[in-house]
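Engineer: Input file: upload_16.pdb. Contents: PDB, C-alpha atoms.
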ATOM      1  CA  MET T  30       0.000   0.000   0.000
ATOM      2  CA  THR T  31       1.186   3.510  -0.776
ATOM      3  CA  ILE T  32      -0.127   7.042  -1.243
ATOM      4  CA  VAL T  33      -0.154   8.815  -4.603
ATOM      5  CA  HIS T  34      -0.601  12.578  -4.697
ATOM      6  CA  THR T  35      -2.348  13.865  -7.791
ATOM      7  CA  HIS T  36      -4.112  17.138  -8.652
ATOM      8  CA  GLY T  37      -4.166  18.241  -5.032
ATOM      9  CA  ILE T  38      -5.481  15.123  -3.315
ATOM     10  CA  ALA T  39      -4.057  11.909  -1.886
ATOM     11  CA  LEU T  40      -5.225   8.497  -3.082
ATOM     12  CA  GLY T  41      -4.364   5.255  -1.324
ATOM     13  CA  ILE T  42      -3.337   2.563  -3.799
ATOM     14  CA  GLU T  43      -2.098  -1.017  -3.842
ATOM     15  CA  SER T  44      -0.271  -2.526  -6.827
ATOM     16  CA  PHE T  45       0.028  -6.068  -8.199
ATOM     17  CA  GLY T  46       2.177  -7.208 -11.116
ATOM     18  CA  ARG T  47       5.007  -5.677 -13.113
ATOM     19  CA  GLU T  48       5.418  -1.922 -13.274
ATOM     20  CA  ASP T  49       5.839  -2.009 -17.068
ATOM     21  CA  ALA T  50       2.718  -4.099 -17.775
ATOM     22  CA  PRO T  51      -0.521  -2.613 -19.164
ATOM     23  CA  LEU T  52      -2.439  -0.900 -16.382
ATOM     24  CA  VAL T  53      -5.752  -2.120 -14.970
ATOM     25  CA  LEU T  54      -7.130   0.519 -12.582
ATOM     26  CA  LEU T  55      -9.686  -0.765 -10.065
ATOM     27  CA  ALA T  56     -11.752   1.997  -8.452
ATOM     28  CA  GLY T  57     -12.802   1.013  -4.949
ATOM     29  CA  GLY T  58     -16.445   0.852  -4.154
ATOM     30  CA  THR T  59     -15.677   2.828  -1.995
ATOM     31  CA  THR T  60     -12.566   1.165  -0.537
ATOM     32  CA  MET T  61     -10.142  -0.818  -2.657
ATOM     33  CA  LEU T  62     -11.016  -3.971  -0.700
ATOM     34  CA  SER T  63     -14.237  -4.267  -2.717
ATOM     35  CA  TRP T  64     -11.922  -5.942  -5.252
ATOM     36  CA  PRO T  65     -10.873  -9.412  -4.015
ATOM     37  CA  ASP T  66      -7.167 -10.090  -3.612
ATOM     38  CA  ALA T  67      -7.531 -13.246  -5.713
ATOM     39  CA  LEU T  68      -8.950 -11.318  -8.662
ATOM     40  CA  CYS T  69      -6.076  -8.819  -8.535
ATOM     41  CA  GLU T  70      -3.581 -11.678  -8.427
ATOM     42  CA  ARG T  71      -5.210 -13.445 -11.386
ATOM     43  CA  LEU T  72      -5.098 -10.275 -13.485
ATOM     44  CA  ALA T  73      -1.450  -9.721 -12.557
ATOM     45  CA  ALA T  74      -0.652 -13.323 -13.504
ATOM     46  CA  GLY T  75      -2.281 -12.574 -16.857
ATOM     47  CA  GLY T  76       0.315  -9.922 -17.580
ATOM     48  CA  ARG T  77      -1.308  -6.797 -16.212
ATOM     49  CA  ARG T  78      -0.233  -4.206 -13.694
ATOM     50  CA  VAL T  79      -3.194  -3.987 -11.340
ATOM     51  CA  VAL T  80      -3.716  -0.925  -9.158
ATOM     52  CA  ARG T  81      -6.705  -0.762  -6.841
ATOM     53  CA  TYR T  82      -7.456   2.445  -4.985
ATOM     54  CA  ASP T  83      -9.706   4.003  -2.356
ATOM     55  CA  LEU T  84     -12.181   6.709  -3.333
ATOM     56  CA  ARG T  85     -12.031   9.955  -1.398
ATOM     57  CA  ASP T  86     -13.276   9.777   2.206
ATOM     58  CA  SER T  87     -12.325   6.113   2.468
ATOM     59  CA  GLY T  88      -9.309   4.017   3.372
ATOM     60  CA  GLU T  89      -5.967   5.713   2.858
ATOM     61  CA  SER T  90      -7.289   8.416   0.529
ATOM     62  CA  THR T  91      -8.070  12.037   1.376
ATOM     63  CA  THR T  92     -10.676  12.277   4.133
ATOM     64  CA  ALA T  93     -12.494  15.573   4.561
ATOM     65  CA  ASP T  94     -16.143  15.599   5.648
ATOM     66  CA  PRO T  95     -18.076  12.440   4.738
ATOM     67  CA  GLN T  96     -21.334  14.069   5.857
ATOM     68  CA  ALA T  97     -20.961  16.996   3.459
ATOM     69  CA  PRO T  98     -18.535  16.059   0.674
ATOM     70  CA  GLY T  99     -17.110  19.101  -1.078
ATOM     71  CA  TYR T 100     -16.728  17.303  -4.386
ATOM     72  CA  THR T 101     -18.956  15.795  -7.049
ATOM     73  CA  LEU T 102     -19.246  12.538  -8.953
ATOM     74  CA  ARG T 103     -17.328  14.204 -11.775
ATOM     75  CA  ASP T 104     -14.491  15.062  -9.404
ATOM     76  CA  LEU T 105     -14.204  11.363  -8.547
ATOM     77  CA  ALA T 106     -14.156  10.593 -12.274
ATOM     78  CA  ALA T 107     -11.382  13.159 -12.710
ATOM     79  CA  ASP T 108      -9.471  11.440  -9.881
ATOM     80  CA  ALA T 109      -9.469   8.201 -11.889
ATOM     81  CA  ALA T 110      -8.169   9.941 -15.000
ATOM     82  CA  ALA T 111      -5.501  11.822 -13.054
ATOM     83  CA  LEU T 112      -4.377   8.648 -11.296
ATOM     84  CA  ALA T 113      -4.101   6.797 -14.620
ATOM     85  CA  GLU T 114      -1.945   9.625 -15.980
ATOM     86  CA  THR T 115       0.206   9.770 -12.848
ATOM     87  CA  LEU T 116       0.842   6.028 -12.921
ATOM     88  CA  GLY T 117       1.810   6.262 -16.597
ATOM     89  CA  GLY T 118       2.167   3.604 -19.252
ATOM     90  CA  GLY T 119      -0.612   4.734 -21.564
ATOM     91  CA  PRO T 120      -4.401   4.582 -21.284
ATOM     92  CA  ALA T 121      -5.690   2.275 -18.574
ATOM     93  CA  HIS T 122      -8.332  -0.411 -18.378
ATOM     94  CA  LEU T 123     -10.716   1.106 -15.808
ATOM     95  CA  ALA T 124     -12.995  -1.029 -13.646
ATOM     96  CA  GLY T 125     -15.674   0.063 -11.200
ATOM     97  CA  ILE T 126     -17.771  -2.015  -8.821
ATOM     98  CA  GLY T 127     -21.054  -0.934  -7.241
ATOM     99  CA  VAL T 128     -21.079   2.817  -6.702
ATOM    100  CA  SER T 129     -17.621   3.140  -8.250
ATOM    101  CA  GLY T 130     -19.145   1.700 -11.420
ATOM    102  CA  MET T 131     -20.953   5.040 -11.689
ATOM    103  CA  VAL T 132     -17.603   6.807 -11.314
ATOM    104  CA  ALA T 133     -16.139   4.601 -14.038
ATOM    105  CA  GLN T 134     -18.953   5.315 -16.506
ATOM    106  CA  VAL T 135     -18.547   9.073 -16.084
ATOM    107  CA  ALA T 136     -14.755   8.836 -16.183
ATOM    108  CA  VAL T 137     -14.628   7.187 -19.604
ATOM    109  CA  LEU T 138     -17.210   9.639 -20.938
ATOM    110  CA  ASP T 139     -15.509  12.760 -19.581
ATOM    111  CA  HIS T 140     -11.903  11.591 -20.108
ATOM    112  CA  PRO T 141     -11.993   9.246 -23.125
ATOM    113  CA  ASP T 142      -8.261   9.496 -23.879
ATOM    114  CA  SER T 143      -7.330   8.205 -20.420
ATOM    115  CA  PHE T 144      -8.883   4.757 -20.782
ATOM    116  CA  SER T 145      -8.530   1.813 -23.146
ATOM    117  CA  ALA T 146     -11.152  -0.596 -21.763
ATOM    118  CA  LEU T 147     -13.958  -0.585 -19.230
ATOM    119  CA  THR T 148     -15.321  -3.155 -16.784
ATOM    120  CA  LEU T 149     -18.483  -2.452 -14.785
ATOM    121  CA  VAL T 150     -19.500  -4.806 -11.981
ATOM    122  CA  GLY T 151     -22.838  -4.760 -10.155
ATOM    123  CA  THR T 152     -23.734  -1.154 -10.912
ATOM    124  CA  ARG T 153     -26.409   0.890 -12.665
ATOM    125  CA  PRO T 154     -26.574   3.702 -15.252
ATOM    126  CA  VAL T 155     -28.172   6.359 -13.031
ATOM    127  CA  ALA T 156     -27.231   8.164  -9.827
ATOM    128  CA  PRO T 157     -28.250   7.199  -6.276
ATOM    129  CA  GLY T 158     -31.921   7.815  -5.617
ATOM    130  CA  PRO T 159     -35.042   6.669  -7.463
ATOM    131  CA  PRO T 160     -34.091   4.972 -10.755
ATOM    132  CA  ASP T 161     -35.636   5.522 -14.174
ATOM    133  CA  ASP T 162     -38.999   3.833 -14.707
ATOM    134  CA  ASP T 163     -37.501   1.120 -16.905
ATOM    135  CA  LEU T 164     -34.830   0.148 -14.354
ATOM    136  CA  PRO T 165     -35.437  -2.194 -11.404
ATOM    137  CA  ASP T 166     -34.965  -0.568  -8.006
ATOM    138  CA  HIS T 167     -33.578  -2.111  -4.818
ATOM    139  CA  ASP T 168     -35.623  -5.074  -3.644
ATOM    140  CA  PRO T 169     -37.976  -3.564  -1.004
ATOM    141  CA  ALA T 170     -38.041  -6.567   1.332
ATOM    142  CA  THR T 171     -34.246  -6.776   1.325
ATOM    143  CA  MET T 172     -33.912  -3.071   2.035
ATOM    144  CA  ARG T 173     -36.327  -3.284   4.947
ATOM    145  CA  ARG T 174     -34.302  -6.069   6.519
ATOM    146  CA  LEU T 175     -31.013  -4.239   5.940
ATOM    147  CA  PHE T 176     -32.139  -0.982   7.493
ATOM    148  CA  ALA T 177     -34.058  -2.579  10.363
ATOM    149  CA  ARG T 178     -30.768  -3.581  11.980
ATOM    150  CA  PRO T 179     -29.348  -1.293  14.668
ATOM    151  CA  LEU T 180     -26.004   0.204  13.767
ATOM    152  CA  PRO T 181     -23.005  -1.301  15.547
ATOM    153  CA  ASP T 182     -20.645   0.338  17.982
ATOM    154  CA  TRP T 183     -18.177   1.695  15.439
ATOM    155  CA  THR T 184     -15.346   1.575  17.983
ATOM    156  CA  ASP T 185     -15.773  -2.215  18.283
ATOM    157  CA  ARG T 186     -13.987  -4.003  15.447
ATOM    158  CA  ARG T 187     -15.732  -7.313  16.090
ATOM    159  CA  ALA T 188     -19.182  -5.703  16.207
ATOM    160  CA  VAL T 189     -18.556  -3.900  12.914
ATOM    161  CA  ALA T 190     -17.389  -7.103  11.254
ATOM    162  CA  GLU T 191     -20.454  -8.972  12.519
ATOM    163  CA  PHE T 192     -22.723  -6.184  11.248
ATOM    164  CA  ALA T 193     -21.193  -6.626   7.794
ATOM    165  CA  ALA T 194     -21.686 -10.397   7.976
ATOM    166  CA  THR T 195     -25.395 -10.118   8.782
ATOM    167  CA  GLY T 196     -25.811  -7.611   5.956
ATOM    168  CA  ALA T 197     -24.111  -9.969   3.530
ATOM    169  CA  GLU T 198     -26.416 -12.794   4.573
ATOM    170  CA  ILE T 199     -29.456 -10.595   3.896
ATOM    171  CA  LEU T 200     -28.082  -9.642   0.461
ATOM    172  CA  GLY T 201     -27.271 -13.232  -0.453
ATOM    173  CA  ASP T 202     -23.495 -12.894  -0.216
ATOM    174  CA  ASP T 203     -20.940 -14.905   1.779
ATOM    175  CA  PRO T 204     -21.106 -13.772   5.445
ATOM    176  CA  ALA T 205     -17.630 -15.093   6.277
ATOM    177  CA  ALA T 206     -16.024 -13.199   3.403
ATOM    178  CA  ALA T 207     -17.898 -10.024   4.328
ATOM    179  CA  ARG T 208     -16.861 -10.355   7.977
ATOM    180  CA  ALA T 209     -13.189 -10.683   7.049
ATOM    181  CA  THR T 210     -13.292  -7.776   4.591
ATOM    182  CA  ALA T 211     -15.078  -5.506   7.073
ATOM    183  CA  ALA T 212     -12.403  -6.196   9.690
ATOM    184  CA  ARG T 213      -9.696  -5.262   7.177
ATOM    185  CA  ILE T 214     -11.599  -2.093   6.249
ATOM    186  CA  TRP T 215     -11.946  -1.206   9.945
ATOM    187  CA  ASP T 216      -8.180  -1.556  10.354
ATOM    188  CA  ARG T 217      -7.631   0.893   7.474
ATOM    189  CA  THR T 218     -10.286   3.430   8.476
ATOM    190  CA  PRO T 219      -8.819   6.710   9.802
ATOM    191  CA  GLY T 220     -10.949   6.890  12.940
ATOM    192  CA  THR T 221     -13.966   5.321  14.612
ATOM    193  CA  ALA T 222     -16.349   8.294  14.355
ATOM    194  CA  PRO T 223     -19.673   7.121  12.890
ATOM    195  CA  PRO T 224     -19.518   9.342   9.752
ATOM    196  CA  VAL T 225     -16.060   8.062   8.877
ATOM    197  CA  GLN T 226     -16.960   4.438   9.546
ATOM    198  CA  THR T 227     -20.208   4.601   7.578
ATOM    199  CA  ALA T 228     -18.339   6.185   4.665
ATOM    200  CA  ASN T 229     -15.971   3.212   4.637
ATOM    201  CA  GLN T 230     -18.296   0.369   5.572
ATOM    202  CA  LEU T 231     -21.654   1.529   4.179
ATOM    203  CA  ARG T 232     -20.581   3.925   1.381
ATOM    204  CA  MET T 233     -23.073   6.500   2.630
ATOM    205  CA  THR T 234     -20.981   9.448   1.437
ATOM    206  CA  PHE T 235     -21.937   8.557  -2.112
ATOM    207  CA  SER T 236     -25.634   9.209  -1.458
ATOM    208  CA  LYS T 237     -24.764  12.819  -0.618
ATOM    209  CA  LEU T 238     -22.786  13.538  -3.794
ATOM    210  CA  ASP T 239     -23.877  15.909  -6.544
ATOM    211  CA  CYS T 240     -24.231  13.454  -9.449
ATOM    212  CA  ARG T 241     -25.595  15.885 -12.028
ATOM    213  CA  PRO T 242     -25.907  16.042 -14.962
ATOM    214  CA  ARG T 243     -27.235  12.639 -16.021
ATOM    215  CA  TRP T 244     -24.924  10.392 -17.997
ATOM    216  CA  ARG T 245     -27.143   7.463 -19.026
ATOM    217  CA  GLU T 246     -28.058   9.050 -22.360
ATOM    218  CA  ARG T 247     -24.350   9.398 -23.187
ATOM    219  CA  LEU T 248     -23.477   5.719 -22.768
ATOM    220  CA  PRO T 249     -23.587   5.063 -26.560
ATOM    221  CA  GLU T 250     -20.603   7.449 -26.809
ATOM    222  CA  ILE T 251     -18.366   4.865 -25.118
ATOM    223  CA  ARG T 252     -16.178   3.494 -27.915
ATOM    224  CA  ILE T 253     -13.779   1.243 -25.991
ATOM    225  CA  PRO T 254     -14.133  -2.491 -25.259
ATOM    226  CA  THR T 255     -16.550  -2.901 -22.354
ATOM    227  CA  LEU T 256     -17.419  -5.772 -20.048
ATOM    228  CA  VAL T 257     -20.524  -5.628 -17.844
ATOM    229  CA  VAL T 258     -20.596  -8.157 -14.979
ATOM    230  CA  HIS T 259     -23.692  -8.646 -12.845
ATOM    231  CA  GLY T 260     -24.986 -11.152 -10.322
ATOM    232  CA  ARG T 261     -28.251 -12.796 -11.296
ATOM    233  CA  ARG T 262     -29.429 -12.697  -7.648
ATOM    234  CA  ASP T 263     -28.382  -9.096  -6.881
ATOM    235  CA  PRO T 264     -31.204  -7.513  -4.810
ATOM    236  CA  PHE T 265     -29.463  -4.130  -4.416
ATOM    237  CA  PHE T 266     -28.904  -3.286  -8.087
ATOM    238  CA  PRO T 267     -30.995  -6.006  -9.766
ATOM    239  CA  VAL T 268     -29.600  -7.536 -12.951
ATOM    240  CA  GLY T 269     -31.839  -5.430 -15.188
ATOM    241  CA  ASN T 270     -29.506  -2.525 -14.466
ATOM    242  CA  GLY T 271     -26.511  -4.359 -15.888
ATOM    243  CA  GLU T 272     -28.566  -5.480 -18.876
ATOM    244  CA  ALA T 273     -29.537  -1.854 -19.577
ATOM    245  CA  ILE T 274     -25.902  -0.727 -19.472
ATOM    246  CA  ALA T 275     -24.836  -3.519 -21.833
ATOM    247  CA  ARG T 276     -27.587  -2.590 -24.297
ATOM    248  CA  ALA T 277     -26.569   1.065 -24.286
ATOM    249  CA  ILE T 278     -22.796   0.677 -24.795
ATOM    250  CA  PRO T 279     -21.918  -0.455 -28.331
ATOM    251  CA  ARG T 280     -20.691  -4.067 -28.470
ATOM    252  CA  ALA T 281     -20.476  -4.371 -24.693
ATOM    253  CA  ARG T 282     -20.262  -7.932 -23.390
ATOM    254  CA  LEU T 283     -22.667  -8.882 -20.598
ATOM    255  CA  LEU T 284     -21.438 -11.563 -18.195
ATOM    256  CA  VAL T 285     -24.181 -12.651 -15.790
ATOM    257  CA  LEU T 286     -22.962 -14.626 -12.779
ATOM    258  CA  GLU T 287     -25.845 -17.001 -12.155
ATOM    259  CA  ASP T 288     -25.003 -17.805  -8.526
ATOM    260  CA  ALA T 289     -23.890 -14.319  -7.452
ATOM    261  CA  ALA T 290     -25.665 -11.531  -5.583
ATOM    262  CA  THR T 291     -23.887  -8.215  -4.893
ATOM    263  CA  ALA T 292     -20.362  -9.587  -4.378
ATOM    264  CA  MET T 293     -18.225 -11.680  -6.715
ATOM    265  CA  PRO T 294     -17.989 -15.185  -5.226
ATOM    266  CA  ASP T 295     -14.638 -16.938  -5.240
ATOM    267  CA  ALA T 296     -15.967 -19.506  -7.708
ATOM    268  CA  ALA T 297     -16.564 -16.773 -10.312
ATOM    269  CA  LEU T 298     -13.199 -15.002 -10.087
ATOM    270  CA  GLY T 299     -11.580 -17.142 -12.764
ATOM    271  CA  GLU T 300     -14.376 -16.416 -15.238
ATOM    272  CA  VAL T 301     -14.366 -12.694 -14.438
ATOM    273  CA  SER T 302     -10.583 -12.334 -14.705
ATOM    274  CA  GLU T 303     -10.519 -14.198 -18.028
ATOM    275  CA  ALA T 304     -13.231 -11.929 -19.405
ATOM    276  CA  MET T 305     -11.360  -8.820 -18.250
ATOM    277  CA  LEU T 306      -8.087 -10.019 -19.748
ATOM    278  CA  ALA T 307      -9.875 -10.785 -23.021
ATOM    279  CA  LEU T 308     -10.619  -7.076 -23.462
ATOM    280  CA  GLY T 309      -6.905  -6.696 -24.137
ATOM    281  CA  PRO T 310      -4.451  -3.871 -23.480
ATOM    282  CA  TRP T 311      -4.621  -0.723 -25.577
ATOM    283  CA  THR T 312      -1.925  -0.362 -28.230
ATOM    284  CA  ALA T 313      -1.096   2.376 -30.709
ATOM    285  CA  GLY T 314      -2.741   0.415 -33.519
ATOM    286  CA  ALA T 315      -5.830  -0.636 -31.612
ATOM    287  CA  ALA T 316      -9.097   0.051 -33.364
ATOM    288  CA  ARG T 317     -11.883   1.901 -31.632
ATOM    289  CA  LEU T 318     -15.460   1.980 -32.739
ATOM    290  CA  PRO T 319     -16.206   5.171 -34.683
ATOM    291  CA  PRO T 320     -18.371   7.742 -32.904
ATOM    292  CA  PRO T 321     -22.113   7.460 -33.592
ATOM    293  CA  ASP T 322     -22.035  10.495 -35.921
ATOM    294  CA  GLY T 323     -19.175   9.058 -37.984
ATOM    295  CA  SER T 324     -16.776  11.870 -37.076
ATOM    296  CA  ALA T 325     -13.130  11.360 -36.171
ATOM    297  CA  PRO T 326     -12.390   9.955 -32.694
ATOM    298  CA  ARG T 327     -12.057  12.620 -30.022
ATOM    299  CA  GLY T 328      -8.638  13.558 -28.766
ATOM    300  CA  GLY T 329      -6.854  12.491 -31.926
ATOM    301  CA  ARG T 330      -6.202   8.901 -30.819
ATOM    302  CA  PRO T 331      -5.662   6.340 -33.567
ATOM    303  CA  GLY T 332      -8.955   4.870 -34.706
TER     304      GLY T 332
END
The structure given in the file should be rewritten as structure tokens.

Structural biologist:
Amino acid sequence: MTIVHTHGIALGIESFGREDAPLVLLAGGTTMLSWPDALCERLAAGGRRVVRYDLRDSGESTTADPQAPGYTLRDLAADAAALAETLGGGPAHLAGIGVSGMVAQVAVLDHPDSFSALTLVGTRPVAPGPPDDDLPDHDPATMRRLFARPLPDWTDRRAVAEFAATGAEILGDDPAAARATAARIWDRTPGTAPPVQTANQLRMTFSKLDCRPRWRERLPEIRIPTLVVHGRRDPFFPVGNGEAIARAIPRARLLVLEDAATAMPDAALGEVSEAMLALGPWTAGAARLPPPDGSAPRGGRPG
């Protein structure tokens, strides 16, 4: 783990693989530990340099005021582009999971020259809040069970880990894996104050972000290879959200994990890593899809 300073903020990162390999940038959702170690190791073994990082107000990254974030969704997207540039080696394969999948969609739209491929896992094409009429919302019964639980004592590591485990069970994920990850997140959280802990454990900061303007209508502008991964049993962002993203992005591949809910189970990591590696690293001669209007690619990149 290390800290990278870029455009005035600090981002906590962890790297896997060779420094000179094509870069896969994994945006945390919100902490980097949303991405399993085993997936990072598989991608590195496939010849990639993998860097996972914490979003602002989580983990080792800049922490300001999680209750009133002074930045927007587009600032988080700019963080991803700036980090890719700082790390060097050409455009990066960007991946986002959950709420960071929203960051990733905006990042490739706002900063198309920074990214060569896109992976979106368990996310949706609209901001937090009520979804569009054609998109499935959170499962009501699951949400009632999740929010009926009393919050834990955030100063108690074991209680926080157990809270995460019961939440995972409600969502259909592996409680043991969630318990272990929550304990690791607790160890990396800069304080036990409830706002800081909820930003790290529950990603509540994201619900307070300014996510305007909408980006869903711009998804057909994405001209890089795209993989959309979604759990068939996801009650938080039901699979219809991933299907809508895959329909909107030209030639996107949809990979539905039949036995998965909101988290990627260990049994699926091989399939997911193979699909991500199949997108391929960007090279100077790589072809991109032409823009919808037939004009030259933006930014002057080879097309």

Engineer: What lies within 10 Å of segment 259-265 of chain T using all atoms listed in the file, ignoring chain neighbours under 5 positions off, as number ranges by chain?

Structural biologist: T: 126-127, 149-153, 165-172, 199-202, 270-272, 283-294

Engineer: Using all atoms listed in the file, which residues sit within 12 Å of segment 30-43 of chain T once same-chain residues fewer than 2 positions away are excluded, as number ranges by chain?

Structural biologist: T: 45-46, 53-57, 59-62, 64, 66, 69-70, 78-93, 100, 104-105, 107-116, 217-218

Engineer: Using the selection just defined, write its residues with C-alpha atoms as a PDB file, in the coordinates of the input.

Structural biologist:
ATOM      1  CA  PHE T  45       0.028  -6.068  -8.199  1.00  0.00           C
ATOM      2  CA  GLY T  46       2.177  -7.208 -11.116  1.00  0.00           C
ATOM      3  CA  VAL T  53      -5.752  -2.120 -14.970  1.00  0.00           C
ATOM      4  CA  LEU T  54      -7.130   0.519 -12.582  1.00  0.00           C
ATOM      5  CA  LEU T  55      -9.686  -0.765 -10.065  1.00  0.00           C
ATOM      6  CA  ALA T  56     -11.752   1.997  -8.452  1.00  0.00           C
ATOM      7  CA  GLY T  57     -12.802   1.013  -4.949  1.00  0.00           C
ATOM      8  CA  THR T  59     -15.677   2.828  -1.995  1.00  0.00           C
ATOM      9  CA  THR T  60     -12.566   1.165  -0.537  1.00  0.00           C
ATOM     10  CA  MET T  61     -10.142  -0.818  -2.657  1.00  0.00           C
ATOM     11  CA  LEU T  62     -11.016  -3.971  -0.700  1.00  0.00           C
ATOM     12  CA  TRP T  64     -11.922  -5.942  -5.252  1.00  0.00           C
ATOM     13  CA  ASP T  66      -7.167 -10.090  -3.612  1.00  0.00           C
ATOM     14  CA  CYS T  69      -6.076  -8.819  -8.535  1.00  0.00           C
ATOM     15  CA  GLU T  70      -3.581 -11.678  -8.427  1.00  0.00           C
ATOM     16  CA  ARG T  78      -0.233  -4.206 -13.694  1.00  0.00           C
ATOM     17  CA  VAL T  79      -3.194  -3.987 -11.340  1.00  0.00           C
ATOM     18  CA  VAL T  80      -3.716  -0.925  -9.158  1.00  0.00           C
ATOM     19  CA  ARG T  81      -6.705  -0.762  -6.841  1.00  0.00           C
ATOM     20  CA  TYR T  82      -7.456   2.445  -4.985  1.00  0.00           C
ATOM     21  CA  ASP T  83      -9.706   4.003  -2.356  1.00  0.00           C
ATOM     22  CA  LEU T  84     -12.181   6.709  -3.333  1.00  0.00           C
ATOM     23  CA  ARG T  85     -12.031   9.955  -1.398  1.00  0.00           C
ATOM     24  CA  ASP T  86     -13.276   9.777   2.206  1.00  0.00           C
ATOM     25  CA  SER T  87     -12.325   6.113   2.468  1.00  0.00           C
ATOM     26  CA  GLY T  88      -9.309   4.017   3.372  1.00  0.00           C
ATOM     27  CA  GLU T  89      -5.967   5.713   2.858  1.00  0.00           C
ATOM     28  CA  SER T  90      -7.289   8.416   0.529  1.00  0.00           C
ATOM     29  CA  THR T  91      -8.070  12.037   1.376  1.00  0.00           C
ATOM     30  CA  THR T  92     -10.676  12.277   4.133  1.00  0.00           C
ATOM     31  CA  ALA T  93     -12.494  15.573   4.561  1.00  0.00           C
ATOM     32  CA  TYR T 100     -16.728  17.303  -4.386  1.00  0.00           C
ATOM     33  CA  ASP T 104     -14.491  15.062  -9.404  1.00  0.00           C
ATOM     34  CA  LEU T 105     -14.204  11.363  -8.547  1.00  0.00           C
ATOM     35  CA  ALA T 107     -11.382  13.159 -12.710  1.00  0.00           C
ATOM     36  CA  ASP T 108      -9.471  11.440  -9.881  1.00  0.00           C
ATOM     37  CA  ALA T 109      -9.469   8.201 -11.889  1.00  0.00           C
ATOM     38  CA  ALA T 110      -8.169   9.941 -15.000  1.00  0.00           C
ATOM     39  CA  ALA T 111      -5.501  11.822 -13.054  1.00  0.00           C
ATOM     40  CA  LEU T 112      -4.377   8.648 -11.296  1.00  0.00           C
ATOM     41  CA  ALA T 113      -4.101   6.797 -14.620  1.00  0.00           C
ATOM     42  CA  GLU T 114      -1.945   9.625 -15.980  1.00  0.00           C
ATOM     43  CA  THR T 115       0.206   9.770 -12.848  1.00  0.00           C
ATOM     44  CA  LEU T 116       0.842   6.028 -12.921  1.00  0.00           C
ATOM     45  CA  ARG T 217      -7.631   0.893   7.474  1.00  0.00           C
ATOM     46  CA  THR T 218     -10.286   3.430   8.476  1.00  0.00           C
TER      47      THR T 218
END

Engineer: Record the distance separating atom CA of Pro242 of chain T and atom CA of Pro159 of chain T, expressed in Å with one decimal.

Structural biologist: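 Computed distance, atom CA of Pro242 of chain T to atom CA of Pro159 of chain T, equals 15.1 Å.
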
Engineer: Would you work out the distance separating atom CA of Cys240 of chain T from atom CA of Leu102 of chain T, expressed in Å to one decimal?

Structural biologist: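 Distance between the two atoms: 5.1 Å.
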
Engineer: Measuring between all atoms listed in the file, which one of T:Ala97, T:Asp161, T:Ala156, T:Gln226 shows the shortest distance to Val189 of chain T?

Structural biologist: T:Gln226

Engineer: Could you check how far atom CA of Leu138 of chain T sits from atom CA of Gly99 of chain T, in Å to one decimal?

Structural biologist: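 Separation of atom CA of Leu138 of chain T and atom CA of Gly99 of chain T: 22.0 Å.
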
Engineer: Using the chain letters and numbering of this document, enumerate as a PDB file with C-alpha atoms, in the frame of the given file the residues selected by the PyMOL selection byres ((chain T and resi 301) around 10).

Structural biologist:
ATOM      1  CA  LEU T  68      -8.950 -11.318  -8.662  1.00  0.00           C
ATOM      2  CA  ARG T  71      -5.210 -13.445 -11.386  1.00  0.00           C
ATOM      3  CA  LEU T  72      -5.098 -10.275 -13.485  1.00  0.00           C
ATOM      4  CA  THR T 148     -15.321  -3.155 -16.784  1.00  0.00           C
ATOM      5  CA  VAL T 150     -19.500  -4.806 -11.981  1.00  0.00           C
ATOM      6  CA  LEU T 256     -17.419  -5.772 -20.048  1.00  0.00           C
ATOM      7  CA  VAL T 257     -20.524  -5.628 -17.844  1.00  0.00           C
ATOM      8  CA  VAL T 258     -20.596  -8.157 -14.979  1.00  0.00           C
ATOM      9  CA  LEU T 284     -21.438 -11.563 -18.195  1.00  0.00           C
ATOM     10  CA  VAL T 285     -24.181 -12.651 -15.790  1.00  0.00           C
ATOM     11  CA  LEU T 286     -22.962 -14.626 -12.779  1.00  0.00           C
ATOM     12  CA  MET T 293     -18.225 -11.680  -6.715  1.00  0.00           C
ATOM     13  CA  ALA T 296     -15.967 -19.506  -7.708  1.00  0.00           C
ATOM     14  CA  ALA T 297     -16.564 -16.773 -10.312  1.00  0.00           C
ATOM     15  CA  LEU T 298     -13.199 -15.002 -10.087  1.00  0.00           C
ATOM     16  CA  GLY T 299     -11.580 -17.142 -12.764  1.00  0.00           C
ATOM     17  CA  GLU T 300     -14.376 -16.416 -15.238  1.00  0.00           C
ATOM     18  CA  SER T 302     -10.583 -12.334 -14.705  1.00  0.00           C
ATOM     19  CA  GLU T 303     -10.519 -14.198 -18.028  1.00  0.00           C
ATOM     20  CA  ALA T 304     -13.231 -11.929 -19.405  1.00  0.00           C
ATOM     21  CA  MET T 305     -11.360  -8.820 -18.250  1.00  0.00           C
ATOM     22  CA  LEU T 306      -8.087 -10.019 -19.748  1.00  0.00           C
ATOM     23  CA  ALA T 307      -9.875 -10.785 -23.021  1.00  0.00           C
TER      24      ALA T 307
END

Engineer: For Gln230 of chain T, list every protein, DNA or RNA residue within 8 Å, evaluated using only C-alpha atoms, and leave out those in the same chain fewer than 4 positions away; present the list as an MDAnalysis selection string.

Structural biologist: chainID T and resid 193 211 214:215 226

Engineer: What does the PyMOL selection byres ((chain T and resi 190) around 12) select in this file, as number ranges by chain?

Structural biologist: T: 180-189, 191-197, 204-216, 226, 230-231

Engineer: Pick the closest to Lys237 of chain T from T:Val268, T:Val155, T:Pro224, T:Pro95: which is it, counting only C-alpha atoms?

Structural biologist: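 Using only C-alpha atoms, Lys237 of chain T sits closest to T:Pro95.
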
Engineer: Starting from the shown file, work through the PyMOL selection byres ((chain T and resi 47) around 10) and note down what comes out as a ChimeraX atom specification.

Structural biologist: /T:44-46,48-52,73-74,76-79
